[in-house]
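Structure data follow from model.tsv (TSV, C-alpha atoms and all ligand atoms):
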```tsv
chain	number	residue	atom	x	y	z
A	216	MET	CA	-21.95	-1.21	3.42
A	217	SER	CA	-22.71	-4.93	3.51
A	218	THR	CA	-20.17	-7.57	2.61
A	219	SER	CA	-21.58	-8.16	-0.83
A	220	SER	CA	-21.93	-11.69	-2.10
A	221	LEU	CA	-19.63	-12.96	-4.80
A	222	ALA	CA	-22.68	-14.30	-6.57
A	223	LYS	CA	-23.67	-10.66	-7.15
A	224	GLN	CA	-20.49	-10.09	-9.08
A	225	PRO	CA	-21.02	-11.41	-12.60
A	226	ALA	CA	-17.36	-10.97	-13.51
A	227	LEU	CA	-16.45	-13.71	-11.05
A	228	SER	CA	-19.23	-16.22	-11.27
A	229	GLU	CA	-20.94	-15.79	-14.61
A	230	SER	CA	-18.24	-14.97	-17.14
A	231	LYS	CA	-18.16	-17.50	-19.95
A	232	GLY	CA	-15.19	-19.64	-20.80
A	233	HIS	CA	-13.22	-18.99	-17.65
A	234	THR	CA	-10.25	-21.21	-17.05
A	235	SER	CA	-9.77	-23.73	-14.25
A	236	LEU	CA	-7.34	-21.23	-12.72
A	237	GLN	CA	-10.13	-18.68	-12.46
A	238	GLN	CA	-12.56	-21.30	-11.15
A	239	ALA	CA	-10.13	-22.28	-8.40
A	240	LEU	CA	-9.68	-18.62	-7.42
A	241	ALA	CA	-13.42	-18.00	-7.41
A	242	ALA	CA	-13.88	-21.02	-5.12
A	243	GLU	CA	-11.21	-19.71	-2.75
A	244	LEU	CA	-12.85	-16.28	-2.68
A	245	ALA	CA	-16.25	-17.85	-2.04
A	246	GLU	CA	-14.73	-19.75	0.89
A	247	MET	CA	-13.33	-16.50	2.27
A	248	GLU	CA	-16.78	-15.02	2.01
A	249	THR	CA	-18.28	-17.97	3.91
A	250	GLN	CA	-15.79	-17.32	6.71
A	251	GLY	CA	-16.63	-13.63	6.86
A	252	LEU	CA	-13.16	-12.73	5.61
A	253	LEU	CA	-13.94	-10.89	2.39
A	254	ARG	CA	-12.86	-7.29	2.51
A	255	GLN	CA	-14.58	-4.38	0.86
A	256	ARG	CA	-13.21	-1.06	-0.27
A	257	ARG	CA	-15.31	2.01	0.33
A	258	THR	CA	-14.82	5.00	-1.90
A	259	LEU	CA	-14.09	8.23	-0.11
A	260	GLU	CA	-15.59	11.30	-1.80
A	261	THR	CA	-13.98	13.91	0.45
A	262	PRO	CA	-10.45	14.48	1.77
A	263	GLN	CA	-9.44	12.26	4.68
A	264	GLY	CA	-10.77	13.63	7.96
A	265	ALA	CA	-13.01	13.16	10.98
A	266	ARG	CA	-16.05	13.90	8.79
A	267	VAL	CA	-16.19	12.20	5.44
A	268	ARG	CA	-18.65	11.39	2.68
A	269	VAL	CA	-18.71	7.84	1.41
A	270	ASP	CA	-21.06	6.63	-1.31
A	271	GLY	CA	-23.12	9.78	-0.96
A	272	ARG	CA	-23.54	9.58	2.81
A	273	GLU	CA	-21.91	11.62	5.56
A	274	TYR	CA	-20.12	9.85	8.39
A	275	VAL	CA	-17.94	10.53	11.38
A	276	ALA	CA	-14.97	8.28	10.63
A	277	PHE	CA	-12.73	6.50	13.13
A	278	CYS	CA	-10.75	4.72	10.43
A	279	SER	CA	-7.70	6.73	9.51
A	280	ASN	CA	-4.17	6.98	10.81
A	281	ASP	CA	-4.32	10.73	10.32
A	282	TYR	CA	-3.93	11.10	14.08
A	283	LEU	CA	-3.25	14.82	14.15
A	284	GLY	CA	-5.83	15.69	11.51
A	285	LEU	CA	-3.20	17.05	9.11
A	286	ALA	CA	-4.07	15.14	5.91
A	287	ALA	CA	-6.06	18.04	4.48
A	288	HIS	CA	-4.50	20.90	6.47
A	289	PRO	CA	-4.62	24.14	4.41
A	290	GLU	CA	-0.94	24.87	5.04
A	291	LEU	CA	0.04	21.44	3.75
A	292	ILE	CA	-2.13	21.84	0.66
A	293	GLU	CA	-0.44	25.18	0.03
A	294	ALA	CA	3.01	23.63	0.57
A	295	ALA	CA	2.14	20.86	-1.90
A	296	ARG	CA	1.12	23.47	-4.51
A	297	GLU	CA	4.36	25.34	-3.95
A	298	GLY	CA	6.33	22.08	-4.08
A	299	ALA	CA	4.73	21.12	-7.40
A	300	ALA	CA	5.57	24.52	-8.84
A	301	ARG	CA	9.20	24.28	-7.69
A	302	PHE	CA	9.99	20.61	-8.22
A	303	GLY	CA	7.40	19.35	-10.71
A	304	VAL	CA	5.15	16.40	-10.11
A	305	GLY	CA	7.21	13.26	-10.66
A	306	ALA	CA	10.71	12.41	-9.44
A	307	GLY	CA	11.32	10.72	-12.79
A	308	ALA	CA	14.05	8.35	-11.61
A	309	SER	CA	15.23	6.32	-8.65
A	310	HIS	CA	17.32	8.00	-5.94
A	311	LEU	CA	20.58	6.49	-7.18
A	312	VAL	CA	20.00	7.56	-10.77
A	313	LEU	CA	18.76	11.16	-10.84
A	314	GLY	CA	15.59	11.09	-8.73
A	315	HIS	CA	17.16	12.41	-5.51
A	316	SER	CA	16.11	16.03	-5.31
A	317	GLY	CA	17.26	18.84	-3.04
A	318	ALA	CA	13.83	18.54	-1.39
A	319	HIS	CA	14.56	14.92	-0.42
A	320	ALA	CA	18.04	15.76	0.85
A	321	ALA	CA	16.75	18.66	2.96
A	322	LEU	CA	13.95	16.56	4.45
A	323	GLU	CA	16.40	13.80	5.40
A	324	ARG	CA	18.45	16.35	7.35
A	325	THR	CA	15.35	17.74	9.09
A	326	LEU	CA	14.08	14.26	10.00
A	327	ALA	CA	17.43	13.13	11.45
A	328	GLU	CA	17.59	16.24	13.60
A	329	PHE	CA	13.94	15.85	14.67
A	330	VAL	CA	14.31	12.28	15.93
A	331	GLY	CA	17.80	12.93	17.33
A	332	LEU	CA	19.71	10.39	15.25
A	333	PRO	CA	22.80	10.92	13.09
A	334	ARG	CA	21.31	10.31	9.65
A	335	ALA	CA	17.98	9.59	7.95
A	336	LEU	CA	17.00	8.08	4.62
A	337	LEU	CA	13.65	8.48	2.89
A	338	PHE	CA	11.70	5.56	1.50
A	339	SER	CA	8.49	5.77	-0.52
A	340	THR	CA	6.49	3.72	2.00
A	341	GLY	CA	6.90	2.13	5.40
A	342	TYR	CA	6.35	-1.26	3.83
A	343	GLN	CA	9.32	-0.71	1.55
A	344	ALA	CA	11.43	0.73	4.37
A	345	ASN	CA	10.99	-2.41	6.47
A	346	LEU	CA	11.77	-4.65	3.50
A	347	GLY	CA	14.79	-2.51	2.74
A	348	VAL	CA	16.29	-2.55	6.23
A	349	VAL	CA	15.95	-6.23	6.98
A	350	THR	CA	17.05	-7.50	3.56
A	351	ALA	CA	20.02	-5.10	3.43
A	352	LEU	CA	21.33	-6.06	6.86
A	353	LEU	CA	20.58	-9.78	7.10
A	354	GLY	CA	20.96	-12.90	5.00
A	355	ARG	CA	20.86	-16.68	5.30
A	356	ALA	CA	23.28	-17.00	8.22
A	357	ASP	CA	21.40	-14.45	10.33
A	358	ALA	CA	18.24	-14.33	12.45
A	359	VAL	CA	15.28	-12.01	13.01
A	360	PHE	CA	13.53	-12.05	16.41
A	361	ALA	CA	10.04	-10.66	16.04
A	362	ASP	CA	7.14	-9.87	18.35
A	363	ARG	CA	4.23	-12.08	17.30
A	364	LEU	CA	1.93	-9.09	16.79
A	365	ASN	CA	4.30	-7.16	14.51
A	366	HIS	CA	3.02	-5.50	11.38
A	367	ALA	CA	2.91	-7.64	8.24
A	368	SER	CA	5.66	-5.61	6.58
A	369	LEU	CA	8.18	-6.63	9.27
A	370	ASN	CA	7.21	-10.28	8.84
A	371	ASP	CA	7.43	-10.09	5.06
A	372	ALA	CA	10.81	-8.39	5.41
A	373	ALA	CA	12.12	-11.22	7.58
A	374	LEU	CA	10.91	-13.86	5.13
A	375	LEU	CA	12.39	-12.04	2.15
A	376	SER	CA	15.77	-11.70	3.87
A	377	ARG	CA	16.04	-15.53	4.14
A	378	ALA	CA	17.28	-15.10	7.71
A	379	GLU	CA	15.97	-17.47	10.35
A	380	PHE	CA	12.64	-16.07	11.56
A	381	LYS	CA	11.93	-16.48	15.27
A	382	ARG	CA	8.74	-15.04	16.77
A	383	TYR	CA	8.18	-14.46	20.47
A	384	PRO	CA	4.82	-14.02	22.24
A	385	HIS	CA	3.70	-10.39	22.42
A	386	PHE	CA	5.93	-8.46	24.89
A	387	ASP	CA	7.38	-11.70	26.34
A	388	LEU	CA	10.93	-10.49	27.00
A	389	ASP	CA	11.93	-13.71	28.78
A	390	ALA	CA	10.97	-15.72	25.71
A	391	LEU	CA	12.89	-13.26	23.54
A	392	GLU	CA	15.95	-13.55	25.75
A	393	ARG	CA	15.85	-17.35	25.57
A	394	LEU	CA	15.66	-17.22	21.78
A	395	LEU	CA	18.55	-14.74	21.60
A	396	ALA	CA	20.68	-16.77	24.01
A	397	GLY	CA	20.07	-19.99	22.09
A	398	SER	CA	20.82	-18.53	18.68
A	399	ARG	CA	23.98	-19.25	16.71
A	400	ALA	CA	23.14	-16.69	14.06
A	401	ARG	CA	25.95	-14.57	12.66
A	402	ARG	CA	23.89	-11.37	12.98
A	403	LYS	CA	20.76	-10.86	15.03
A	404	LEU	CA	18.02	-8.30	14.65
A	405	ILE	CA	15.12	-7.73	17.05
A	406	ALA	CA	12.18	-6.27	15.14
A	407	THR	CA	9.17	-4.70	16.81
A	408	ASP	CA	6.33	-2.29	16.23
A	409	ALA	CA	6.94	0.62	18.61
A	410	VAL	CA	3.20	1.26	18.89
A	411	PHE	CA	1.37	-1.90	17.83
A	412	SER	CA	-0.77	-1.14	14.80
A	413	MET	CA	-3.81	-3.20	15.75
A	414	ASP	CA	-3.44	-3.05	19.56
A	415	GLY	CA	-2.19	0.44	20.30
A	416	ASP	CA	0.18	-0.63	23.09
A	417	VAL	CA	3.77	0.60	23.27
A	418	ALA	CA	6.85	-1.63	23.10
A	419	PRO	CA	9.20	-1.60	26.13
A	420	VAL	CA	12.02	0.19	24.33
A	421	PRO	CA	14.60	0.38	27.20
A	422	GLU	CA	14.26	-3.34	27.96
A	423	LEU	CA	14.49	-4.27	24.28
A	424	ALA	CA	17.55	-2.05	23.86
A	425	ALA	CA	19.17	-3.73	26.89
A	426	LEU	CA	18.53	-7.16	25.36
A	427	ALA	CA	19.98	-5.98	22.05
A	428	GLU	CA	23.05	-4.82	23.96
A	429	ARG	CA	23.45	-8.07	25.91
A	430	HIS	CA	23.08	-10.25	22.84
A	431	ASP	CA	24.88	-8.08	20.32
A	432	ALA	CA	21.79	-7.52	18.19
A	433	TRP	CA	20.28	-4.71	16.15
A	434	LEU	CA	16.95	-3.31	17.36
A	435	LEU	CA	14.59	-2.25	14.57
A	436	LEU	CA	11.81	-0.03	15.94
A	437	ASP	CA	8.84	0.54	13.65
A	438	ASP	CA	7.28	3.74	14.95
A	439	ALA	CA	4.62	4.09	12.23
A	440	HIS	CA	2.00	4.90	14.87
A	441	GLY	CA	4.11	6.79	17.42
A	442	PHE	CA	5.86	9.33	15.21
A	443	GLY	CA	4.12	12.71	15.49
A	444	VAL	CA	1.95	11.51	18.37
A	445	MET	CA	4.24	10.26	21.13
A	446	GLY	CA	7.24	11.87	22.80
A	447	PRO	CA	8.25	15.49	23.25
A	448	GLN	CA	6.97	17.54	20.27
A	449	GLY	CA	5.84	14.29	18.66
A	450	ARG	CA	9.41	13.09	18.11
A	451	GLY	CA	8.25	9.50	18.56
A	452	VAL	CA	8.52	6.54	20.89
A	453	LEU	CA	12.33	6.38	20.78
A	454	ALA	CA	12.65	10.01	21.88
A	455	ARG	CA	10.02	9.37	24.55
A	456	SER	CA	12.02	6.45	25.91
A	457	GLY	CA	15.22	8.48	26.21
A	458	VAL	CA	17.15	5.46	24.88
A	459	ARG	CA	20.27	6.24	22.87
A	460	SER	CA	21.96	3.25	21.35
A	461	PRO	CA	23.92	2.72	18.16
A	462	ARG	CA	22.07	-0.59	17.87
A	463	VAL	CA	18.73	1.12	17.27
A	464	ILE	CA	17.44	1.40	13.73
A	465	TYR	CA	14.42	3.68	13.80
A	466	MET	CA	11.73	3.57	11.13
A	467	ALA	CA	8.71	5.83	10.95
A	468	THR	CA	6.09	6.56	8.35
A	469	LEU	CA	4.98	9.91	7.00
A	470	GLY	CA	1.52	8.98	5.74
A	471	LYS	CA	-0.04	8.69	9.18
A	472	ALA	CA	0.31	11.44	11.82
A	473	ALA	CA	2.45	13.48	9.42
A	474	GLY	CA	-0.54	13.54	7.09
A	475	VAL	CA	1.34	13.14	3.79
A	476	PHE	CA	3.06	10.02	2.42
A	477	GLY	CA	6.33	8.18	2.73
A	478	ALA	CA	8.63	6.82	5.39
A	479	PHE	CA	12.17	7.13	6.66
A	480	VAL	CA	14.81	5.12	8.43
A	481	ALA	CA	17.18	6.82	10.86
A	482	GLY	CA	20.23	5.58	12.70
A	483	GLU	CA	23.99	5.27	12.52
A	484	PRO	CA	25.74	6.45	9.35
A	485	GLU	CA	27.06	2.95	8.54
A	486	VAL	CA	23.57	1.49	8.66
A	487	LEU	CA	22.17	4.22	6.47
A	488	GLU	CA	24.99	3.94	3.97
A	489	ALA	CA	24.46	0.16	3.81
A	490	LEU	CA	20.82	0.86	2.99
A	491	VAL	CA	21.71	3.25	0.17
A	492	GLN	CA	24.09	0.66	-1.27
A	493	ARG	CA	22.14	-2.53	-0.70
A	494	ALA	CA	18.43	-2.02	0.09
A	495	ARG	CA	16.70	-3.24	-3.03
A	496	ALA	CA	13.41	-1.62	-1.95
A	497	TYR	CA	15.33	1.67	-2.04
A	498	ILE	CA	17.43	1.13	-5.13
A	499	TYR	CA	15.02	-0.38	-7.61
A	500	THR	CA	12.13	2.02	-7.30
A	501	THR	CA	11.27	5.54	-8.41
A	502	ALA	CA	11.83	8.21	-5.77
A	503	ALA	CA	8.64	9.66	-4.28
A	504	PRO	CA	7.64	13.02	-5.78
A	505	PRO	CA	9.87	15.74	-4.32
A	506	LEU	CA	6.78	17.90	-3.79
A	507	LEU	CA	5.87	15.48	-1.00
A	508	ALA	CA	9.26	15.98	0.66
A	509	HIS	CA	8.72	19.73	0.40
A	510	THR	CA	5.23	19.37	1.92
A	511	LEU	CA	6.62	17.23	4.74
A	512	GLN	CA	8.90	20.07	5.88
A	513	LYS	CA	5.77	22.06	6.64
A	514	SER	CA	4.19	19.01	8.24
A	515	LEU	CA	7.15	18.70	10.61
A	516	GLU	CA	6.74	22.34	11.59
A	517	LEU	CA	3.09	21.66	12.38
A	518	ILE	CA	3.97	18.49	14.32
A	519	ARG	CA	6.54	20.33	16.48
A	520	ALA	CA	3.91	22.92	17.37
A	521	ALA	CA	1.06	20.44	17.89
A	522	ASP	CA	1.16	19.93	21.68
A	523	GLY	CA	-2.43	21.18	21.79
A	524	ARG	CA	-3.53	18.57	19.24
A	525	ARG	CA	-1.67	15.82	21.08
A	526	ASP	CA	-3.25	16.79	24.43
A	527	HIS	CA	-6.68	16.85	22.83
A	528	LEU	CA	-6.07	13.40	21.30
A	529	ARG	CA	-5.03	11.93	24.66
A	530	GLY	CA	-8.13	13.47	26.20
A	531	LEU	CA	-10.30	11.78	23.55
A	532	SER	CA	-8.72	8.37	24.30
A	533	ARG	CA	-9.47	8.87	28.01
A	534	LEU	CA	-13.02	10.01	27.28
A	535	LEU	CA	-13.74	6.95	25.14
A	536	ARG	CA	-12.37	4.57	27.74
A	537	GLU	CA	-14.34	6.23	30.54
A	538	ARG	CA	-17.64	6.40	28.69
A	539	LEU	CA	-17.72	2.85	27.29
A	540	ARG	CA	-19.82	0.42	29.34
A	541	LEU	CA	-18.60	-2.92	28.08
A	542	LYS	CA	-20.38	-6.18	28.66
A	543	ARG	CA	-19.21	-8.85	26.25
A	544	TRP	CA	-16.49	-6.98	24.42
A	545	THR	CA	-13.19	-5.81	25.84
A	546	LEU	CA	-11.12	-2.73	25.23
A	547	ALA	CA	-7.44	-3.65	24.97
A	548	PRO	CA	-5.09	-1.55	27.15
A	549	SER	CA	-3.86	1.32	25.00
A	550	GLU	CA	-2.62	4.80	25.73
A	551	SER	CA	-2.33	5.64	22.05
A	552	ALA	CA	-4.78	6.93	19.45
A	553	ILE	CA	-5.52	3.33	18.47
A	554	GLN	CA	-8.27	1.94	20.72
A	555	PRO	CA	-9.03	-1.68	19.87
A	556	LEU	CA	-12.38	-3.11	20.91
A	557	ILE	CA	-11.92	-6.87	20.85
A	558	ILE	CA	-15.05	-8.68	19.72
A	559	GLY	CA	-13.80	-12.15	18.85
A	560	GLY	CA	-15.77	-13.58	15.95
A	561	ASN	CA	-15.33	-12.27	12.42
A	562	ARG	CA	-19.02	-12.02	11.63
A	563	GLU	CA	-19.84	-10.33	14.93
A	564	ALA	CA	-17.11	-7.75	14.34
A	565	VAL	CA	-18.41	-7.05	10.83
A	566	ALA	CA	-22.00	-6.85	12.11
A	567	ALA	CA	-20.94	-4.33	14.78
A	568	SER	CA	-19.12	-2.25	12.17
A	569	GLU	CA	-22.19	-2.33	9.90
A	570	ALA	CA	-24.52	-1.38	12.76
A	571	LEU	CA	-22.31	1.64	13.55
A	572	ALA	CA	-22.29	2.60	9.87
A	573	ARG	CA	-26.08	2.69	9.92
A	574	GLU	CA	-25.72	5.25	12.73
A	575	GLY	CA	-23.35	7.32	10.60
A	576	LEU	CA	-20.19	6.13	12.39
A	577	LEU	CA	-17.42	4.43	10.44
A	578	VAL	CA	-15.18	2.06	12.38
A	579	PRO	CA	-13.36	-0.73	10.56
A	580	ALA	CA	-13.74	-4.37	11.54
A	581	ILE	CA	-10.27	-5.93	11.53
A	582	ARG	CA	-10.15	-9.68	11.01
A	583	PRO	CA	-7.53	-12.40	10.55
A	584	PRO	CA	-4.98	-12.57	9.07
A	585	THR	CA	-4.40	-8.95	10.11
A	586	VAL	CA	-5.04	-9.98	13.74
A	587	PRO	CA	-4.86	-13.45	15.36
A	588	ARG	CA	-7.82	-15.80	14.91
A	589	GLY	CA	-10.63	-15.26	17.42
A	590	THR	CA	-9.59	-11.64	18.09
A	591	ALA	CA	-11.52	-9.83	15.36
A	592	ARG	CA	-12.03	-6.31	16.52
A	593	LEU	CA	-13.18	-2.79	15.89
A	594	ARG	CA	-10.05	-0.71	15.47
A	595	ILE	CA	-11.17	2.67	16.74
A	596	SER	CA	-8.71	5.18	15.55
A	597	LEU	CA	-8.97	8.62	17.11
A	598	SER	CA	-7.78	11.86	15.60
A	599	ALA	CA	-7.21	15.33	16.95
A	600	ALA	CA	-9.78	16.36	14.35
A	601	HIS	CA	-12.52	14.62	16.36
A	602	GLY	CA	-14.49	16.55	18.93
A	603	ALA	CA	-15.54	15.23	22.34
A	604	GLY	CA	-19.10	14.99	20.96
A	605	ASP	CA	-17.94	12.58	18.21
A	606	VAL	CA	-16.35	10.27	20.76
A	607	GLU	CA	-19.38	10.42	23.05
A	608	ARG	CA	-21.65	9.52	20.11
A	609	LEU	CA	-19.44	6.55	19.29
A	610	ALA	CA	-19.27	5.34	22.89
A	611	ASP	CA	-23.06	5.63	23.27
A	612	ALA	CA	-23.65	3.72	20.02
A	613	LEU	CA	-21.27	0.98	21.14
A	614	ASN	CA	-22.90	0.79	24.57
A	615	ALA	CA	-26.28	0.31	22.90
A	616	LEU	CA	-24.93	-2.46	20.64
A	617	GLN	CA	-23.90	-5.12	23.12
A	701	LIG	N1	4.55	-0.50	9.94
A	701	LIG	C1	3.41	-0.43	10.63
A	701	LIG	C2	3.44	-0.76	12.09
A	701	LIG	C3	2.23	-0.04	10.00
A	701	LIG	O1	1.08	0.01	10.68
A	701	LIG	C4	2.26	0.29	8.62
A	701	LIG	C5	1.05	0.78	7.87
A	701	LIG	N2	-0.17	0.28	8.24
A	701	LIG	C6	3.47	0.17	7.94
A	701	LIG	C7	4.59	-0.21	8.62
A	701	LIG	C8	3.55	0.45	6.47
A	701	LIG	O2	3.65	1.81	6.25
A	701	LIG	P1	3.16	2.42	4.86
A	701	LIG	O3	1.68	2.50	4.94
A	701	LIG	O4	3.84	3.72	4.76
A	701	LIG	O5	3.62	1.45	3.80
```
Mind converting the file's structure to structure tokens?
Amino acid sequence: MSTSSLAKQPALSESKGHTSLQQALAAELAEMETQGLLRQRRTLETPQGARVRVDGREYVAFCSNDYLGLAAHPELIEAAREGAARFGVGAGASHLVLGHSGAHAALERTLAEFVGLPRALLFSTGYQANLGVVTALLGRADAVFADRLNHASLNDAALLSRAEFKRYPHFDLDALERLLAGSRARRKLIATDAVFSMDGDVAPVPELAALAERHDAWLLLDDAHGFGVMGPQGRGVLARSGVRSPRVIYMATLGKAAGVFGAFVAGEPEVLEALVQRARAYIYTTAAPPLLAHTLQKSLELIRAADGRRDHLRGLSRLLRERLRLKRWTLAPSESAIQPLIIGGNREAVAASEALAREGLLVPAIRPPTVPRGTARLRISLSAAHGAGDVERLADALNALQ
């Protein structure tokens, strides 16, 4: 569980005849290690869930985005089997060649209806969906207005589009309005996480939609962490807000609360058709296996019927917040399943994560550049698969740590 030293890795430091390019990389990696920024992968030996085995040891894990505990749900496993039998394993081609299966088409219809928007389009991942939307809709003469705490994929999308990239302080709508008012861009797009991935707070959708209206801008809402969890029947943050606007482009992922894999964009038919025609992250890539689309139909049925799971999840968030007795660390305000415990220093965050691991509790330490410098944190991610006892154990362990 420790952040192992590069010196222990012969491939990097002891291999003979390595080039100056390799030496430079090894020096950069060593510097990252000095700063407590090296990341480690753990190997999961069980399906994703509240209880996992990693490197031969059992843990209660607070690491996944499997908020409803569906990733290994028996009905989804059965649907995947059935999907493989009906549609095979690989899509074999991109959507615009011959990779677009009846399973994809049916899921797009179900998703559009579920989130209450005219049309939906599947992407293989949320990362690709964000790249696809921004690059298809904007170019050099245009501008993206982005919350400073947005997910990396929205930032990468803005950079790749070559549009002007303006960032506003987190939730600072006055700053956003000033940027919008001062812009001479041909087309404007406001981009925001709907539930912030490392903070768990929810974007003010009605106010953002009003700004989009006033300044003739698109509003791209990335609901990776709200879909399935927030809103009536888990229909997401947009449905929860009650906002209906042709300016909204809604993106959500299907590998988090939905428990499977993939993402979709939903919105007005013109937007979606522009994506089919122009989004390179859609066009130049193999379609996701249709068996996943088939499985996701079952996942949506489970999500619709999961009010009990959502209530339980909200109860766990409340329980954690009530039971923590914080001294030096702070719990950021969050009503979602993401409960961030801000620690500050990188090494202290890693040490806290390692101390919890020794107690059989897995909570990831999140460091820059994923979060701003000086705000390294434990990202406690709750799932409906946790019991109250799991959360109490975590809170007690955290209380004993500081
Ligand atoms: N947007 C946000 C806000 C996310 O948190 C993530 C995933 N961490 C993504 C997009 C990317 O989604 P995917 O994992 O499906 O690529």
Can you pull out every residue within 8 Å of Asp362 of chain A, counting only C-alpha atoms, but drop anything in the same chain fewer than 6 positions away, and send it as a PDB file with C-alpha atoms, in the frame of the given file?
```
ATOM      1  CA  ARG A 382       8.740 -15.040  16.770  1.00  0.00           C
ATOM      2  CA  TYR A 383       8.180 -14.460  20.470  1.00  0.00           C
ATOM      3  CA  PRO A 384       4.820 -14.020  22.240  1.00  0.00           C
ATOM      4  CA  HIS A 385       3.700 -10.390  22.420  1.00  0.00           C
ATOM      5  CA  PHE A 386       5.930  -8.460  24.890  1.00  0.00           C
ATOM      6  CA  ALA A 406      12.180  -6.270  15.140  1.00  0.00           C
ATOM      7  CA  THR A 407       9.170  -4.700  16.810  1.00  0.00           C
ATOM      8  CA  ASP A 408       6.330  -2.290  16.230  1.00  0.00           C
TER       9      ASP A 408
END
```
If the limit is 6 Å from any atom of ligand LIG 701 (chain A), counting only C-alpha atoms and all ligand atoms, which residues qualify? Return them as a list in words.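 Protein and nucleic-acid residues within 6 Å of ligand LIG 701 (chain A): Thr340, Gly341, Tyr342, His366, Ser368, Asp408, Ser412, Asp437, Ala439, Thr468, Gly470, Gly477 and Ala478 of chain A.
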I want to know what sits within 10 Å of Pro484 of chain A, based on only C-alpha atoms, with residues of the same chain fewer than 4 positions away left out; could you give that as a PDB file with C-alpha atoms, in the frame of the given file?
```pdb
ATOM      1  CA  LEU A 332      19.710  10.390  15.250  1.00  0.00           C
ATOM      2  CA  PRO A 333      22.800  10.920  13.090  1.00  0.00           C
ATOM      3  CA  ARG A 334      21.310  10.310   9.650  1.00  0.00           C
ATOM      4  CA  ALA A 335      17.980   9.590   7.950  1.00  0.00           C
ATOM      5  CA  PRO A 461      23.920   2.720  18.160  1.00  0.00           C
ATOM      6  CA  GLU A 488      24.990   3.940   3.970  1.00  0.00           C
ATOM      7  CA  ALA A 489      24.460   0.160   3.810  1.00  0.00           C
ATOM      8  CA  LEU A 490      20.820   0.860   2.990  1.00  0.00           C
TER       9      LEU A 490
END
```
Applying 12 Å and all atoms listed in the file, which residues near Gly482 of chain A remain after dropping the ones on its own chain fewer than 4 positions away? List them as a PyMOL selection string. chain A and resi 323+326-328+330-336+348+433-436+453+459-467+486-490
Using 12 Å as the limit and counting all atoms listed in the file, can you tabulate each residue of segment 333-432 of chain A that touches segment 583-586 of chain A, with its shortest atom-to-atom distance in Å and the two atoms involved, as a Markdown table?
```
| residue | atom | partner | partner_atom | distance |
| --- | --- | --- | --- | --- |
| A:Arg363 | CA | A:Val586 | CA | 10.1 |
| A:Leu364 | CA | A:Val586 | CA | 7.7 |
| A:Asn365 | CA | A:Val586 | CA | 9.8 |
| A:His366 | CA | A:Thr585 | CA | 8.3 |
| A:Ala367 | CA | A:Thr585 | CA | 7.7 |
| A:Ser368 | CA | A:Thr585 | CA | 11.2 |
| A:Asn370 | CA | A:Thr585 | CA | 11.8 |
| A:Phe411 | CA | A:Val586 | CA | 11.1 |
| A:Ser412 | CA | A:Thr585 | CA | 9.8 |
| A:Met413 | CA | A:Val586 | CA | 7.2 |
| A:Asp414 | CA | A:Val586 | CA | 9.2 |
```
Between atom CA of Arg450 of chain A and atom CA of Phe476 of chain A, what is the distance, to one decimal in Å?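 Separating atom CA of Arg450 of chain A from atom CA of Phe476 of chain A is a distance of 17.2 Å.
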Near-Leu534 of chain A list (8 Å; all atoms listed in the file; drop same-chain fewer than 2 positions) as JSON, numbers by chain: {"A": [530, 531, 532, 536, 537, 538, 603, 606, 607]}
How far is it from atom CA of Glu428 of chain A to atom CA of Val349 of chain A, in Å with one decimal?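 Separation of atom CA of Glu428 of chain A and atom CA of Val349 of chain A: 18.5 Å.
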Closest of A:Glu569, A:Glu516, A:Asp438, A:Glu550 to Ala481 of chain A, counting all atoms listed in the file, is A:Asp438
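One distance worth recording is that between atom CA of Asp389 of chain A and atom CA of Ala432 of chain A, which is 15.7 Å.
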Selection: 10 Å around Ile498 of chain A, all atoms listed in the file, excl. self and same-chain fewer than 2 positions, as a list in words: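 Neighbouring residues, sequence-local ones excluded: Ser309, His310, Leu311, Val312, Phe338, Gly347, Leu490, Val491, Gln492, Arg493, Ala494, Arg495, Ala496, Thr500, Thr501 and Ala502 of chain A.
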Between A:Ala276, A:Ala241, A:Val410, A:Ala472, which has the minimum distance to Leu609 of chain A (counting all atoms listed in the file)?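 Smallest separation from Leu609 of chain A among the options: A:Ala276.
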Within 7 Å of file point (-16.1, -5.4, 21.8), counting all atoms listed in the file, expressed as an MDAnalysis selection string: chainID A and resid 543:546 556:558 592
Could you check the closest approach to Ala396 of chain A for each of A:Arg429, A:Pro421, A:Gln343, A:Ala372 and tell me which residue wins, using only C-alpha atoms?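 Result for the nearest residue to Ala396 of chain A: A:Arg429.
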Distance criterion (all atoms listed in the file): nearest to Leu539 of chain A out of A:Asp611, A:Glu246, A:Glu392, A:Glu379: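 Looking only at the distances to Leu539 of chain A, the closest residue turns out to be A:Asp611.
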